[in-house]
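Listing of final11.pdb, PDB, C-alpha atoms, pLDDT in the B column
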ATOM      1  CA  MET X  22     146.879 -75.842 -30.994  1.00 87.00           C
ATOM      2  CA  LYS X  23     143.328 -76.910 -30.262  1.00 88.00           C
ATOM      3  CA  LYS X  24     143.100 -78.729 -33.611  1.00 90.00           C
ATOM      4  CA  LEU X  25     146.360 -80.578 -32.893  1.00 87.00           C
ATOM      5  CA  LEU X  26     145.035 -81.733 -29.539  1.00 89.00           C
ATOM      6  CA  ILE X  27     141.801 -82.935 -31.160  1.00 92.00           C
ATOM      7  CA  LEU X  28     143.844 -84.794 -33.815  1.00 87.00           C
ATOM      8  CA  ILE X  29     145.960 -86.520 -31.162  1.00 89.00           C
ATOM      9  CA  VAL X  30     142.912 -87.582 -29.123  1.00 91.00           C
ATOM     10  CA  ALA X  31     141.062 -88.787 -32.230  1.00 89.00           C
ATOM     11  CA  SER X  32     144.033 -90.840 -33.445  1.00 84.00           C
ATOM     12  CA  ALA X  33     144.532 -92.317 -29.956  1.00 84.00           C
ATOM     13  CA  LEU X  34     140.891 -93.371 -29.804  1.00 85.00           C
ATOM     14  CA  TYR X  35     141.031 -94.818 -33.318  1.00 82.00           C
ATOM     15  CA  PHE X  36     144.152 -96.885 -32.628  1.00 77.00           C
ATOM     16  CA  HIS X  37     142.767 -97.995 -29.283  1.00 79.00           C
ATOM     17  CA  TYR X  38     139.581 -99.438 -30.766  1.00 81.00           C
ATOM     18  CA  TYR X  39     141.039-100.509 -34.154  1.00 78.00           C
ATOM     19  CA  PRO X  40     144.565-101.702 -33.372  1.00 76.00           C
ATOM     20  CA  ASN X  41     147.058-102.387 -36.125  1.00 79.00           C
ATOM     21  CA  GLU X  42     149.629-105.066 -35.263  1.00 83.00           C
ATOM     22  CA  LYS X  43     152.491-103.598 -37.315  1.00 83.00           C
ATOM     23  CA  LEU X  44     151.881-100.120 -35.981  1.00 79.00           C
ATOM     24  CA  ASN X  45     151.664-101.368 -32.391  1.00 80.00           C
ATOM     25  CA  ARG X  46     154.956-103.242 -32.822  1.00 88.00           C
ATOM     26  CA  TRP X  47     156.616-100.121 -34.273  1.00 87.00           C
ATOM     27  CA  ILE X  48     155.281 -97.930 -31.452  1.00 84.00           C
ATOM     28  CA  PHE X  49     156.501-100.436 -28.856  1.00 89.00           C
ATOM     29  CA  GLU X  50     159.985-100.508 -30.427  1.00 93.00           C
ATOM     30  CA  GLN X  51     160.151 -96.710 -30.522  1.00 92.00           C
ATOM     31  CA  LYS X  52     158.994 -96.540 -26.924  1.00 89.00           C
ATOM     32  CA  GLN X  53     161.749 -98.963 -25.870  1.00 91.00           C
ATOM     33  CA  VAL X  54     164.383 -96.903 -27.704  1.00 90.00           C
ATOM     34  CA  VAL X  55     163.236 -93.691 -26.043  1.00 88.00           C
ATOM     35  CA  LEU X  56     163.034 -95.291 -22.593  1.00 85.00           C
ATOM     36  CA  SER X  57     166.512 -96.816 -22.891  1.00 82.00           C
ATOM     37  CA  TYR X  58     167.885 -93.454 -24.038  1.00 82.00           C
ATOM     38  CA  PHE X  59     166.361 -91.647 -21.060  1.00 81.00           C
ATOM     39  CA  SER X  60     167.401 -94.430 -18.712  1.00 75.00           C
ATOM     40  CA  ALA X  61     171.027 -94.167 -19.826  1.00 70.00           C
ATOM     41  CA  ALA X  62     170.956 -90.361 -19.696  1.00 70.00           C
ATOM     42  CA  THR X  63     169.435 -90.176 -16.215  1.00 70.00           C
ATOM     43  CA  ASP X  64     171.201 -93.099 -14.588  1.00 63.00           C
ATOM     44  CA  THR X  65     171.791 -92.137 -10.968  1.00 59.00           C
ATOM     45  CA  LYS X  66     173.039 -95.485  -9.716  1.00 61.00           C
ATOM     46  CA  ILE X  67     176.638 -95.828  -8.712  1.00 63.00           C
ATOM     47  CA  GLY X  68     178.267 -97.753 -11.501  1.00 66.00           C
ATOM     48  CA  LEU X  69     181.196-100.095 -11.549  1.00 69.00           C
ATOM     49  CA  LYS X  70     184.257 -99.177 -13.539  1.00 76.00           C
ATOM     50  CA  SER X  71     184.836-102.376 -15.424  1.00 73.00           C
ATOM     51  CA  ASP X  72     188.609-102.119 -15.167  1.00 79.00           C
ATOM     52  CA  LYS X  73     188.276-102.517 -11.369  1.00 86.00           C
ATOM     53  CA  ILE X  74     187.669-106.237 -11.929  1.00 88.00           C
ATOM     54  CA  TYR X  75     190.733-106.378 -14.199  1.00 89.00           C
ATOM     55  CA  GLN X  76     192.831-104.697 -11.510  1.00 90.00           C
ATOM     56  CA  ASP X  77     191.584-107.149  -8.882  1.00 89.00           C
ATOM     57  CA  LEU X  78     192.465-110.089 -11.127  1.00 89.00           C
ATOM     58  CA  SER X  79     195.877-108.702 -12.102  1.00 90.00           C
ATOM     59  CA  ARG X  80     197.518-110.095  -8.968  1.00 90.00           C
ATOM     60  CA  ASP X  81     196.514-113.612 -10.119  1.00 88.00           C
ATOM     61  CA  PHE X  82     197.735-113.171 -13.704  1.00 90.00           C
ATOM     62  CA  SER X  83     200.794-115.340 -13.005  1.00 91.00           C
ATOM     63  CA  GLN X  84     198.429-118.339 -13.242  1.00 91.00           C
ATOM     64  CA  PHE X  85     196.812-117.121 -16.512  1.00 91.00           C
ATOM     65  CA  ASN X  86     198.324-117.571 -19.972  1.00 92.00           C
ATOM     66  CA  ARG X  87     198.568-114.720 -22.521  1.00 92.00           C
ATOM     67  CA  GLN X  88     195.350-115.616 -24.336  1.00 94.00           C
ATOM     68  CA  GLU X  89     193.422-115.763 -21.076  1.00 92.00           C
ATOM     69  CA  ILE X  90     194.759-112.374 -19.981  1.00 92.00           C
ATOM     70  CA  ALA X  91     193.733-110.894 -23.330  1.00 93.00           C
ATOM     71  CA  TYR X  92     190.278-112.454 -22.967  1.00 93.00           C
ATOM     72  CA  VAL X  93     189.885-111.055 -19.444  1.00 92.00           C
ATOM     73  CA  ALA X  94     190.912-107.636 -20.775  1.00 92.00           C
ATOM     74  CA  GLU X  95     188.276-107.953 -23.495  1.00 93.00           C
ATOM     75  CA  ILE X  96     185.593-108.993 -20.984  1.00 91.00           C
ATOM     76  CA  THR X  97     186.378-106.124 -18.613  1.00 90.00           C
ATOM     77  CA  SER X  98     186.453-103.449 -21.304  1.00 89.00           C
ATOM     78  CA  SER X  99     182.852-102.407 -20.540  1.00 86.00           C
ATOM     79  CA  ARG X 100     180.127-102.957 -17.943  1.00 85.00           C
ATOM     80  CA  GLU X 101     177.835-104.477 -20.556  1.00 86.00           C
ATOM     81  CA  LYS X 102     180.426-107.128 -21.453  1.00 90.00           C
ATOM     82  CA  VAL X 103     181.011-107.935 -17.785  1.00 90.00           C
ATOM     83  CA  LYS X 104     177.264-108.265 -17.215  1.00 89.00           C
ATOM     84  CA  LYS X 105     176.871-110.489 -20.296  1.00 92.00           C
ATOM     85  CA  PHE X 106     179.798-112.702 -19.256  1.00 92.00           C
ATOM     86  CA  ASN X 107     178.383-112.976 -15.740  1.00 91.00           C
ATOM     87  CA  GLU X 108     175.011-114.128 -17.058  1.00 91.00           C
ATOM     88  CA  GLN X 109     176.454-116.494 -19.681  1.00 92.00           C
ATOM     89  CA  TYR X 110     179.157-118.258 -17.701  1.00 91.00           C
ATOM     90  CA  CYS X 111     179.040-117.418 -14.001  1.00 90.00           C
ATOM     91  CA  LYS X 112     175.339-117.665 -13.219  1.00 89.00           C
ATOM     92  CA  SER X 113     174.668-120.566 -15.594  1.00 88.00           C
ATOM     93  CA  LYS X 114     177.823-122.452 -14.496  1.00 85.00           C
ATOM     94  CA  LYS X 115     178.818-123.050 -18.135  1.00 88.00           C
ATOM     95  CA  GLN X 116     182.429-123.474 -19.212  1.00 89.00           C
ATOM     96  CA  THR X 117     184.139-121.246 -21.746  1.00 87.00           C
ATOM     97  CA  PRO X 118     186.877-122.640 -23.975  1.00 88.00           C
ATOM     98  CA  LYS X 119     188.845-119.420 -23.600  1.00 89.00           C
ATOM     99  CA  LEU X 120     189.484-119.808 -19.856  1.00 89.00           C
ATOM    100  CA  HIS X 121     190.740-122.696 -17.752  1.00 90.00           C
ATOM    101  CA  ARG X 122     188.174-123.909 -15.216  1.00 91.00           C
ATOM    102  CA  ASP X 123     190.118-122.580 -12.206  1.00 92.00           C
ATOM    103  CA  ASN X 124     190.684-119.213 -13.868  1.00 91.00           C
ATOM    104  CA  LEU X 125     187.003-119.016 -14.772  1.00 91.00           C
ATOM    105  CA  THR X 126     186.205-119.540 -11.100  1.00 92.00           C
ATOM    106  CA  LYS X 127     188.546-116.672 -10.166  1.00 91.00           C
ATOM    107  CA  VAL X 128     186.972-114.354 -12.734  1.00 92.00           C
ATOM    108  CA  CYS X 129     183.467-115.242 -11.587  1.00 92.00           C
ATOM    109  CA  ARG X 130     184.448-114.715  -7.963  1.00 92.00           C
ATOM    110  CA  ALA X 131     185.870-111.277  -8.816  1.00 90.00           C
ATOM    111  CA  ILE X 132     182.705-110.357 -10.736  1.00 90.00           C
ATOM    112  CA  SER X 133     180.463-111.598  -7.923  1.00 89.00           C
ATOM    113  CA  GLN X 134     182.073-109.119  -5.511  1.00 88.00           C
ATOM    114  CA  TYR X 135     180.668-106.290  -7.639  1.00 83.00           C
ATOM    115  CA  SER X 136     177.511-107.920  -9.019  1.00 78.00           C
ATOM    116  CA  ASN X 137     175.230-105.438  -7.270  1.00 75.00           C
ATOM    117  CA  LEU X 138     176.961-102.582  -9.136  1.00 75.00           C
ATOM    118  CA  LEU X 139     176.533-104.050 -12.613  1.00 67.00           C
TER     119      LEU X 139
END

In structure tokens, how does this file's structure come out?
Amino acid sequence: MKKLLILIVASALYFHYYPNEKLNRWIFEQKQVVLSYFSAATDTKIGLKSDKIYQDLSRDFSQFNRQEIAYVAEITSSREKVKKFNEQYCKSKKQTPKLHRDNLTKVCRAISQYSNLL
């Protein structure tokens, strides 16, 4: 055990004073993977069920066409997709060809109600 500890300290000192760019990049990537895994496993924040947005929008579906309803269902299938859509179209005020401008406004308004839970 003592030899293992000495090996770890020696390698840490070596890589600190003689850094290797490829190795540092690999270590950083591995660190990000591990941190994201632990972050997802120990998430204690109250999360939003993505279908809640779909349910809120369902009362306005009379003004949506079939393709738009299918697109809204696709968007609200996961929190990650809702967050990505919010950043791409709602926050940047860009238009999407899959939704009419007024319907995009309704979707963004529904997402904005729950933006702190994303």

- If we count only C-alpha atoms, what is near X:Lys119 at a cut-off of 9 Å, once residues fewer than 6 positions away on the same chain are taken out, given as a count of residues only? 3

- State, in Å with one decimal place, the distance from atom CA of X:Thr97 to atom CA of X:Thr63.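 Answer for the atom CA of X:Thr97 to atom CA of X:Thr63 separation: 23.4 Å.
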
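Comparing X:Ser83, X:Leu56, X:Arg100, X:Leu78 by their smallest distance to X:Leu125, the closest is X:Leu78 (using only C-alpha atoms).
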
- Task: Figure out the distance between atom CA of X:Ala62 and atom CA of X:Leu44, please, to one decimal in Å.
- Result: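 About the pair atom CA of X:Leu44 and atom CA of X:Ala62: they are 26.9 Å apart.
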
Quick one: which residues end up in the PyMOL selection byres ((chain X and resi 110) around 12) for this structure, as a JSON list (two decimals) with C-alpha atoms, keeping the file's coordinate frame?
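Result saved to result-v3.json:
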[["chain", "number", "residue", "atom", "x", "y", "z"],
["X", 96, "ILE", "CA", 185.59, -108.99, -20.98],
["X", 102, "LYS", "CA", 180.43, -107.13, -21.45],
["X", 103, "VAL", "CA", 181.01, -107.94, -17.78],
["X", 104, "LYS", "CA", 177.26, -108.26, -17.22],
["X", 105, "LYS", "CA", 176.87, -110.49, -20.30],
["X", 106, "PHE", "CA", 179.80, -112.70, -19.26],
["X", 107, "ASN", "CA", 178.38, -112.98, -15.74],
["X", 108, "GLU", "CA", 175.01, -114.13, -17.06],
["X", 109, "GLN", "CA", 176.45, -116.49, -19.68],
["X", 111, "CYS", "CA", 179.04, -117.42, -14.00],
["X", 112, "LYS", "CA", 175.34, -117.66, -13.22],
["X", 113, "SER", "CA", 174.67, -120.57, -15.59],
["X", 114, "LYS", "CA", 177.82, -122.45, -14.50],
["X", 115, "LYS", "CA", 178.82, -123.05, -18.14],
["X", 116, "GLN", "CA", 182.43, -123.47, -19.21],
["X", 117, "THR", "CA", 184.14, -121.25, -21.75],
["X", 118, "PRO", "CA", 186.88, -122.64, -23.98],
["X", 119, "LYS", "CA", 188.84, -119.42, -23.60],
["X", 120, "LEU", "CA", 189.48, -119.81, -19.86],
["X", 122, "ARG", "CA", 188.17, -123.91, -15.22],
["X", 125, "LEU", "CA", 187.00, -119.02, -14.77],
["X", 126, "THR", "CA", 186.20, -119.54, -11.10],
["X", 128, "VAL", "CA", 186.97, -114.35, -12.73],
["X", 129, "CYS", "CA", 183.47, -115.24, -11.59],
["X", 130, "ARG", "CA", 184.45, -114.72, -7.96],
["X", 132, "ILE", "CA", 182.70, -110.36, -10.74],
["X", 133, "SER", "CA", 180.46, -111.60, -7.92]]

- Item | Straight-line distance linking atom CA of X:His121 with atom CA of X:Phe85, stated in Å to one decimal |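 One can read the atom CA of X:His121 to atom CA of X:Phe85 distance as 8.3 Å.
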
May I have the centre and edge lengths, in Å to one decimal, of an axis-aligned box around the listed atoms of stretch 53-63 of chain X with 5 Å added to every side, as JSON?
{"center_x": 166.4, "center_y": -94.6, "center_z": -22.0, "size_x": 19.3, "size_y": 18.8, "size_z": 21.5}

- Item | Residue with smallest distance to X:Ser79 - pool X:Ala61, X:Ala131, X:Ile48, X:Ile29, counting all atoms listed in the file | X:Ala131

- Nearest to X:Ser71 by atom-to-atom distance, counting all atoms listed in the file, from X:Ser57, X:Ser99, X:Gln51, X:Asn45: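 Once distances to X:Ser71 are computed over all atoms listed in the file, the minimum belongs to X:Ser99.
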